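Take a look at the structure below.
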Amino acid sequence: MELVKIMNNLYQSPLIDDWAVILDKGINVVIDLEDIINSGVPKSVIYIYWGIEDGPLPDTNILWGIAGLGAKMIKNGYKVLVSCVGGFNRSALINACIIKTLHPDLRGAEIIELIRKARPGALSNPTFFDFLMAIK
């Protein structure tokens with residue numbers, strides 16, 4: 001299973017298929033955006049499920065709420081993994097909003113560049129890309 005470190009204590013991955021890899025990295029919060037709820041979650045992991053599509057922009061109130069929760073967990077010393085099926089678009093969208101919450105001075109273009117540097121090919125969804133580019 002591939003885990004990509006986006007920044008300190010923030011990771012991104014495709015489909016979760018090996019919890020040992022996650023536990024070995026010390027990740028203790030997982031935000032799962034896949035189509036189904038993962039049934040093998042270890043008890044030591046805080047698991048947040050929000051099944052969204054890689055297509056239209058999801059409800060932005062919930063998006064920023066989830067991002068705020070992820071940012072708060074990072075500020076409190078937790079390691080956060082955001083996962084979706086491919087690990088490119090949905091997880092990158094949430095991670096971009098987490099980064100913006102943590103670093104309000106960063107603009108959307110800077111956040112996209114940061115994510116793409118760690119995860120080449122991320123944010124190819126034009127709806128997500130345009131939403132993030134509009135962030136000032």
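Note on naming: chains are A, B, ... as they come in the structure tokens, residues start from 1 per chain, ligands start from 1 in the order shown.
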Would you list the contacts of stretch 91-100 of chain A as a PDB file with N, CA and C atoms, in the first residue's frame, taking every protein, DNA or RNA residue within 8 Å and counting only C-alpha atoms, but skipping same-chain residues closer than 6 positions in sequence?
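What landed in result_21.pdb:
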```pdb
ATOM      1  N   LEU A  10       0.710  14.706   7.709  1.00  0.00           N
ATOM      2  CA  LEU A  10      -0.420  14.617   6.775  1.00  0.00           C
ATOM      3  C   LEU A  10      -0.037  13.726   5.600  1.00  0.00           C
ATOM      4  N   GLN A  12      -1.495  10.864   2.322  1.00  0.00           N
ATOM      5  CA  GLN A  12      -2.516  10.605   1.314  1.00  0.00           C
ATOM      6  C   GLN A  12      -2.269   9.202   0.774  1.00  0.00           C
ATOM      7  N   SER A  13      -3.349   8.481   0.460  1.00  0.00           N
ATOM      8  CA  SER A  13      -3.165   7.136  -0.083  1.00  0.00           C
ATOM      9  C   SER A  13      -4.351   6.717  -0.936  1.00  0.00           C
ATOM     10  N   LEU A  33     -12.533   8.281   2.144  1.00  0.00           N
ATOM     11  CA  LEU A  33     -13.489   8.845   1.185  1.00  0.00           C
ATOM     12  C   LEU A  33     -13.950   7.829   0.147  1.00  0.00           C
ATOM     13  N   LEU A  63     -17.110  19.713   3.670  1.00  0.00           N
ATOM     14  CA  LEU A  63     -15.703  19.687   3.241  1.00  0.00           C
ATOM     15  C   LEU A  63     -14.817  20.471   4.205  1.00  0.00           C
ATOM     16  N   TRP A  64     -15.213  21.716   4.485  1.00  0.00           N
ATOM     17  CA  TRP A  64     -14.403  22.550   5.389  1.00  0.00           C
ATOM     18  C   TRP A  64     -14.488  22.055   6.828  1.00  0.00           C
ATOM     19  N   ILE A  66     -14.744  18.797   7.756  1.00  0.00           N
ATOM     20  CA  ILE A  66     -13.824  17.649   7.806  1.00  0.00           C
ATOM     21  C   ILE A  66     -12.378  18.157   7.802  1.00  0.00           C
ATOM     22  N   ALA A  67     -12.092  19.142   6.954  1.00  0.00           N
ATOM     23  CA  ALA A  67     -10.739  19.711   6.892  1.00  0.00           C
ATOM     24  C   ALA A  67     -10.357  20.336   8.235  1.00  0.00           C
ATOM     25  N   GLY A  68     -11.293  21.038   8.853  1.00  0.00           N
ATOM     26  CA  GLY A  68     -11.035  21.634  10.156  1.00  0.00           C
ATOM     27  C   GLY A  68     -10.734  20.585  11.211  1.00  0.00           C
ATOM     28  N   GLY A  70      -9.486  17.543  10.591  1.00  0.00           N
ATOM     29  CA  GLY A  70      -8.155  17.018  10.273  1.00  0.00           C
ATOM     30  C   GLY A  70      -7.055  17.954  10.738  1.00  0.00           C
ATOM     31  N   ALA A  71      -7.225  19.253  10.506  1.00  0.00           N
ATOM     32  CA  ALA A  71      -6.225  20.246  10.927  1.00  0.00           C
ATOM     33  C   ALA A  71      -6.090  20.265  12.445  1.00  0.00           C
ATOM     34  N   VAL A  82      -5.500  10.719   4.648  1.00  0.00           N
ATOM     35  CA  VAL A  82      -6.732  10.862   3.873  1.00  0.00           C
ATOM     36  C   VAL A  82      -6.626   9.892   2.702  1.00  0.00           C
ATOM     37  N   SER A  83      -7.642   9.053   2.550  1.00  0.00           N
ATOM     38  CA  SER A  83      -7.600   7.977   1.570  1.00  0.00           C
ATOM     39  C   SER A  83      -8.829   7.996   0.673  1.00  0.00           C
ATOM     40  N   CYS A  84      -8.593   7.700  -0.607  1.00  0.00           N
ATOM     41  CA  CYS A  84      -9.684   7.472  -1.560  1.00  0.00           C
ATOM     42  C   CYS A  84      -9.245   6.336  -2.485  1.00  0.00           C
ATOM     43  N   LEU A 106      -1.391  30.583   2.693  1.00  0.00           N
ATOM     44  CA  LEU A 106      -1.151  29.944   1.392  1.00  0.00           C
ATOM     45  C   LEU A 106      -2.350  30.116   0.468  1.00  0.00           C
ATOM     46  N   ARG A 107      -2.066  30.343  -0.786  1.00  0.00           N
ATOM     47  CA  ARG A 107      -3.113  30.469  -1.808  1.00  0.00           C
ATOM     48  C   ARG A 107      -3.340  29.103  -2.448  1.00  0.00           C
ATOM     49  N   GLY A 108      -4.462  28.981  -3.134  1.00  0.00           N
ATOM     50  CA  GLY A 108      -4.822  27.712  -3.761  1.00  0.00           C
ATOM     51  C   GLY A 108      -3.757  27.160  -4.679  1.00  0.00           C
ATOM     52  N   ILE A 111      -0.930  25.618  -2.747  1.00  0.00           N
ATOM     53  CA  ILE A 111      -1.330  24.358  -2.120  1.00  0.00           C
ATOM     54  C   ILE A 111      -1.356  23.242  -3.163  1.00  0.00           C
ATOM     55  N   ILE A 112      -1.895  23.519  -4.332  1.00  0.00           N
ATOM     56  CA  ILE A 112      -1.912  22.526  -5.416  1.00  0.00           C
ATOM     57  C   ILE A 112      -0.487  22.109  -5.762  1.00  0.00           C
ATOM     58  N   ILE A 115       0.951  19.785  -3.082  1.00  0.00           N
ATOM     59  CA  ILE A 115       0.389  18.433  -3.163  1.00  0.00           C
ATOM     60  C   ILE A 115       0.929  17.701  -4.382  1.00  0.00           C
ATOM     61  N   ALA A 122      -1.860  14.381  -9.022  1.00  0.00           N
ATOM     62  CA  ALA A 122      -2.993  14.699  -8.145  1.00  0.00           C
ATOM     63  C   ALA A 122      -3.776  15.891  -8.683  1.00  0.00           C
ATOM     64  N   LEU A 123      -5.023  15.939  -8.323  1.00  0.00           N
ATOM     65  CA  LEU A 123      -5.947  17.030  -8.657  1.00  0.00           C
ATOM     66  C   LEU A 123      -6.136  17.211 -10.158  1.00  0.00           C
ATOM     67  N   PHE A 128     -12.464  20.084  -8.873  1.00  0.00           N
ATOM     68  CA  PHE A 128     -11.688  20.235  -7.641  1.00  0.00           C
ATOM     69  C   PHE A 128     -10.569  21.259  -7.855  1.00  0.00           C
ATOM     70  N   LEU A 132     -10.042  24.861  -5.835  1.00  0.00           N
ATOM     71  CA  LEU A 132      -8.843  25.169  -5.076  1.00  0.00           C
ATOM     72  C   LEU A 132      -8.107  26.388  -5.639  1.00  0.00           C
TER      73      LEU A 132
END
```
Which residue is closest to A:Ile6? Choose from A:Glu113, A:Asp18, A:Asp59, A:Asp35 and count only C-alpha atoms.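 Looking at the shortest contact to A:Ile6, the residue is A:Glu113.
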Based on the backbone DSSP call, show me all residues of stretch 35-131 of chain A assigned alpha helix (DSSP H), as a PyMOL selection string. chain A and resi 60-75+90-102+108-118+126-131
Can I get the selected residues back with C-alpha atoms, as an mmCIF file, in the first residue's frame?
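Output contents, as saved in selection04.cif:
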```cif
data_model
loop_
_atom_site.group_PDB
_atom_site.id
_atom_site.type_symbol
_atom_site.label_atom_id
_atom_site.label_comp_id
_atom_site.auth_asym_id
_atom_site.auth_seq_id
_atom_site.Cartn_x
_atom_site.Cartn_y
_atom_site.Cartn_z
ATOM 1 C CA THR A 60 -18.440 22.606 0.916
ATOM 2 C CA ASN A 61 -19.750 23.099 4.466
ATOM 3 C CA ILE A 62 -18.968 19.467 5.221
ATOM 4 C CA LEU A 63 -15.703 19.687 3.241
ATOM 5 C CA TRP A 64 -14.403 22.550 5.389
ATOM 6 C CA GLY A 65 -15.732 20.865 8.541
ATOM 7 C CA ILE A 66 -13.824 17.649 7.806
ATOM 8 C CA ALA A 67 -10.739 19.711 6.892
ATOM 9 C CA GLY A 68 -11.035 21.634 10.156
ATOM 10 C CA LEU A 69 -11.216 18.389 12.086
ATOM 11 C CA GLY A 70 -8.155 17.018 10.273
ATOM 12 C CA ALA A 71 -6.225 20.246 10.927
ATOM 13 C CA LYS A 72 -7.164 20.198 14.614
ATOM 14 C CA MET A 73 -5.985 16.612 14.938
ATOM 15 C CA ILE A 74 -2.634 17.539 13.348
ATOM 16 C CA LYS A 75 -2.285 20.540 15.663
ATOM 17 C CA ARG A 90 -10.733 13.235 -3.437
ATOM 18 C CA SER A 91 -7.949 12.749 -0.903
ATOM 19 C CA ALA A 92 -6.015 15.661 -2.435
ATOM 20 C CA LEU A 93 -9.096 17.904 -2.206
ATOM 21 C CA ILE A 94 -9.475 17.216 1.521
ATOM 22 C CA ASN A 95 -5.732 17.546 2.100
ATOM 23 C CA ALA A 96 -5.679 20.884 0.277
ATOM 24 C CA CYS A 97 -8.407 22.179 2.588
ATOM 25 C CA ILE A 98 -6.560 20.821 5.637
ATOM 26 C CA ILE A 99 -3.424 22.635 4.488
ATOM 27 C CA LYS A 100 -5.356 25.869 3.939
ATOM 28 C CA THR A 101 -6.809 25.573 7.442
ATOM 29 C CA LEU A 102 -3.352 25.035 8.916
ATOM 30 C CA GLY A 108 -4.822 27.712 -3.761
ATOM 31 C CA ALA A 109 -2.153 27.548 -6.467
ATOM 32 C CA GLU A 110 0.582 27.137 -3.843
ATOM 33 C CA ILE A 111 -1.330 24.358 -2.120
ATOM 34 C CA ILE A 112 -1.912 22.526 -5.416
ATOM 35 C CA GLU A 113 1.805 22.784 -6.195
ATOM 36 C CA LEU A 114 2.713 21.428 -2.751
ATOM 37 C CA ILE A 115 0.389 18.433 -3.163
ATOM 38 C CA ARG A 116 1.466 17.709 -6.734
ATOM 39 C CA LYS A 117 5.124 17.815 -5.738
ATOM 40 C CA ALA A 118 4.444 14.993 -3.269
ATOM 41 C CA PRO A 126 -11.086 20.037 -13.103
ATOM 42 C CA THR A 127 -13.911 20.827 -10.660
ATOM 43 C CA PHE A 128 -11.688 20.235 -7.641
ATOM 44 C CA PHE A 129 -8.774 22.054 -9.306
ATOM 45 C CA ASP A 130 -10.882 25.144 -10.114
ATOM 46 C CA PHE A 131 -12.324 25.208 -6.585
#
```
Just want the 9 Å neighbourhood of A:Asp32, counted on only C-alpha atoms, with same-chain residues fewer than 2 positions away dropped. Output as a ChimeraX atom specification. /A:15-16,30,34-38,47-51,81-84,91
Grab the residues selected above and save them as a PDB file, in the first residue's frame with N, CA and C atoms.
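Below is the file that was written, selection_27.pdb:
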```
ATOM      1  N   LEU A  15      -6.757   3.273  -2.012  1.00  0.00           N
ATOM      2  CA  LEU A  15      -7.532   2.275  -1.274  1.00  0.00           C
ATOM      3  C   LEU A  15      -6.732   1.634  -0.140  1.00  0.00           C
ATOM      4  N   ILE A  16      -7.322   1.603   1.039  1.00  0.00           N
ATOM      5  CA  ILE A  16      -6.663   0.994   2.198  1.00  0.00           C
ATOM      6  C   ILE A  16      -6.774  -0.518   2.087  1.00  0.00           C
ATOM      7  N   VAL A  30      -7.668   8.360  10.324  1.00  0.00           N
ATOM      8  CA  VAL A  30      -7.900   8.076   8.909  1.00  0.00           C
ATOM      9  C   VAL A  30      -9.206   8.717   8.484  1.00  0.00           C
ATOM     10  N   GLU A  34     -13.620   6.562   0.374  1.00  0.00           N
ATOM     11  CA  GLU A  34     -13.961   5.504  -0.574  1.00  0.00           C
ATOM     12  C   GLU A  34     -15.473   5.308  -0.657  1.00  0.00           C
ATOM     13  N   ASP A  35     -15.878   4.403  -1.536  1.00  0.00           N
ATOM     14  CA  ASP A  35     -17.293   4.138  -1.743  1.00  0.00           C
ATOM     15  C   ASP A  35     -17.914   3.267  -0.653  1.00  0.00           C
ATOM     16  N   ILE A  36     -17.069   2.525   0.079  1.00  0.00           N
ATOM     17  CA  ILE A  36     -17.584   1.660   1.136  1.00  0.00           C
ATOM     18  C   ILE A  36     -16.797   1.878   2.427  1.00  0.00           C
ATOM     19  N   ILE A  37     -17.443   1.605   3.535  1.00  0.00           N
ATOM     20  CA  ILE A  37     -16.797   1.726   4.840  1.00  0.00           C
ATOM     21  C   ILE A  37     -15.870   0.541   5.040  1.00  0.00           C
ATOM     22  N   ASN A  38     -14.659   0.826   5.501  1.00  0.00           N
ATOM     23  CA  ASN A  38     -13.672  -0.217   5.753  1.00  0.00           C
ATOM     24  C   ASN A  38     -14.025  -0.938   7.053  1.00  0.00           C
ATOM     25  N   TYR A  47     -11.340   6.687  12.993  1.00  0.00           N
ATOM     26  CA  TYR A  47     -11.764   6.466  11.608  1.00  0.00           C
ATOM     27  C   TYR A  47     -12.960   7.359  11.288  1.00  0.00           C
ATOM     28  N   ILE A  48     -12.781   8.187  10.266  1.00  0.00           N
ATOM     29  CA  ILE A  48     -13.839   9.097   9.814  1.00  0.00           C
ATOM     30  C   ILE A  48     -14.180   8.714   8.383  1.00  0.00           C
ATOM     31  N   TYR A  49     -15.436   8.420   8.134  1.00  0.00           N
ATOM     32  CA  TYR A  49     -15.868   8.020   6.793  1.00  0.00           C
ATOM     33  C   TYR A  49     -16.778   9.082   6.193  1.00  0.00           C
ATOM     34  N   TRP A  50     -16.448   9.477   4.958  1.00  0.00           N
ATOM     35  CA  TRP A  50     -17.301  10.377   4.188  1.00  0.00           C
ATOM     36  C   TRP A  50     -17.183   9.962   2.731  1.00  0.00           C
ATOM     37  N   GLY A  51     -18.120   9.183   2.266  1.00  0.00           N
ATOM     38  CA  GLY A  51     -18.080   8.668   0.896  1.00  0.00           C
ATOM     39  C   GLY A  51     -18.501   9.735  -0.104  1.00  0.00           C
ATOM     40  N   LEU A  81      -4.167  10.481   7.849  1.00  0.00           N
ATOM     41  CA  LEU A  81      -4.152   9.920   6.495  1.00  0.00           C
ATOM     42  C   LEU A  81      -5.507  10.171   5.860  1.00  0.00           C
ATOM     43  N   VAL A  82      -5.500  10.719   4.648  1.00  0.00           N
ATOM     44  CA  VAL A  82      -6.732  10.862   3.873  1.00  0.00           C
ATOM     45  C   VAL A  82      -6.626   9.892   2.702  1.00  0.00           C
ATOM     46  N   SER A  83      -7.642   9.053   2.550  1.00  0.00           N
ATOM     47  CA  SER A  83      -7.600   7.977   1.570  1.00  0.00           C
ATOM     48  C   SER A  83      -8.829   7.996   0.673  1.00  0.00           C
ATOM     49  N   CYS A  84      -8.593   7.700  -0.607  1.00  0.00           N
ATOM     50  CA  CYS A  84      -9.684   7.472  -1.560  1.00  0.00           C
ATOM     51  C   CYS A  84      -9.245   6.336  -2.485  1.00  0.00           C
ATOM     52  N   SER A  91      -8.856  12.593  -2.045  1.00  0.00           N
ATOM     53  CA  SER A  91      -7.949  12.749  -0.903  1.00  0.00           C
ATOM     54  C   SER A  91      -7.143  14.043  -1.020  1.00  0.00           C
TER      55      SER A  91
END
```
Atom-to-atom span, atom CA of A:Val85 and atom CA of A:Pro14, Å: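 Separation between atom CA of A:Val85 and atom CA of A:Pro14: 4.9 Å.
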DSSP says strand (DSSP E) for which residues of stretch 14-134 of chain A? Put them as a ChimeraX atom specification? /A:29-32,46-49,80-83
Residues just named, written with N, CA and C atoms as a PDB file, in the first residue's frame:
```pdb
ATOM      1  N   VAL A  29      -5.190   8.724  12.715  1.00  0.00           N
ATOM      2  CA  VAL A  29      -6.469   9.260  12.241  1.00  0.00           C
ATOM      3  C   VAL A  29      -6.564   8.965  10.748  1.00  0.00           C
ATOM      4  N   VAL A  30      -7.668   8.360  10.324  1.00  0.00           N
ATOM      5  CA  VAL A  30      -7.900   8.076   8.909  1.00  0.00           C
ATOM      6  C   VAL A  30      -9.206   8.717   8.484  1.00  0.00           C
ATOM      7  N   ILE A  31      -9.135   9.526   7.428  1.00  0.00           N
ATOM      8  CA  ILE A  31     -10.331  10.083   6.792  1.00  0.00           C
ATOM      9  C   ILE A  31     -10.491   9.308   5.492  1.00  0.00           C
ATOM     10  N   ASP A  32     -11.518   8.497   5.418  1.00  0.00           N
ATOM     11  CA  ASP A  32     -11.739   7.564   4.314  1.00  0.00           C
ATOM     12  C   ASP A  32     -12.848   8.093   3.415  1.00  0.00           C
ATOM     13  N   ILE A  46      -8.539   6.431  14.877  1.00  0.00           N
ATOM     14  CA  ILE A  46      -9.772   7.210  14.774  1.00  0.00           C
ATOM     15  C   ILE A  46     -10.159   7.192  13.299  1.00  0.00           C
ATOM     16  N   TYR A  47     -11.340   6.687  12.993  1.00  0.00           N
ATOM     17  CA  TYR A  47     -11.764   6.466  11.608  1.00  0.00           C
ATOM     18  C   TYR A  47     -12.960   7.359  11.288  1.00  0.00           C
ATOM     19  N   ILE A  48     -12.781   8.187  10.266  1.00  0.00           N
ATOM     20  CA  ILE A  48     -13.839   9.097   9.814  1.00  0.00           C
ATOM     21  C   ILE A  48     -14.180   8.714   8.383  1.00  0.00           C
ATOM     22  N   TYR A  49     -15.436   8.420   8.134  1.00  0.00           N
ATOM     23  CA  TYR A  49     -15.868   8.020   6.793  1.00  0.00           C
ATOM     24  C   TYR A  49     -16.778   9.082   6.193  1.00  0.00           C
ATOM     25  N   VAL A  80      -2.412  12.193  10.346  1.00  0.00           N
ATOM     26  CA  VAL A  80      -3.674  12.045   9.616  1.00  0.00           C
ATOM     27  C   VAL A  80      -3.414  11.495   8.215  1.00  0.00           C
ATOM     28  N   LEU A  81      -4.167  10.481   7.849  1.00  0.00           N
ATOM     29  CA  LEU A  81      -4.152   9.920   6.495  1.00  0.00           C
ATOM     30  C   LEU A  81      -5.507  10.171   5.860  1.00  0.00           C
ATOM     31  N   VAL A  82      -5.500  10.719   4.648  1.00  0.00           N
ATOM     32  CA  VAL A  82      -6.732  10.862   3.873  1.00  0.00           C
ATOM     33  C   VAL A  82      -6.626   9.892   2.702  1.00  0.00           C
ATOM     34  N   SER A  83      -7.642   9.053   2.550  1.00  0.00           N
ATOM     35  CA  SER A  83      -7.600   7.977   1.570  1.00  0.00           C
ATOM     36  C   SER A  83      -8.829   7.996   0.673  1.00  0.00           C
TER      37      SER A  83
END
```
So what do you get for atom CA of A:Ser44 versus atom CA of A:His103, distance-wise?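 Between these atoms lies a distance of 28.0 Å.
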Restricting to only C-alpha atoms, whichever of A:Asn76, A:Asn125, A:Ser39, A:Asn9 is closest to A:Ile27 is A:Asn9
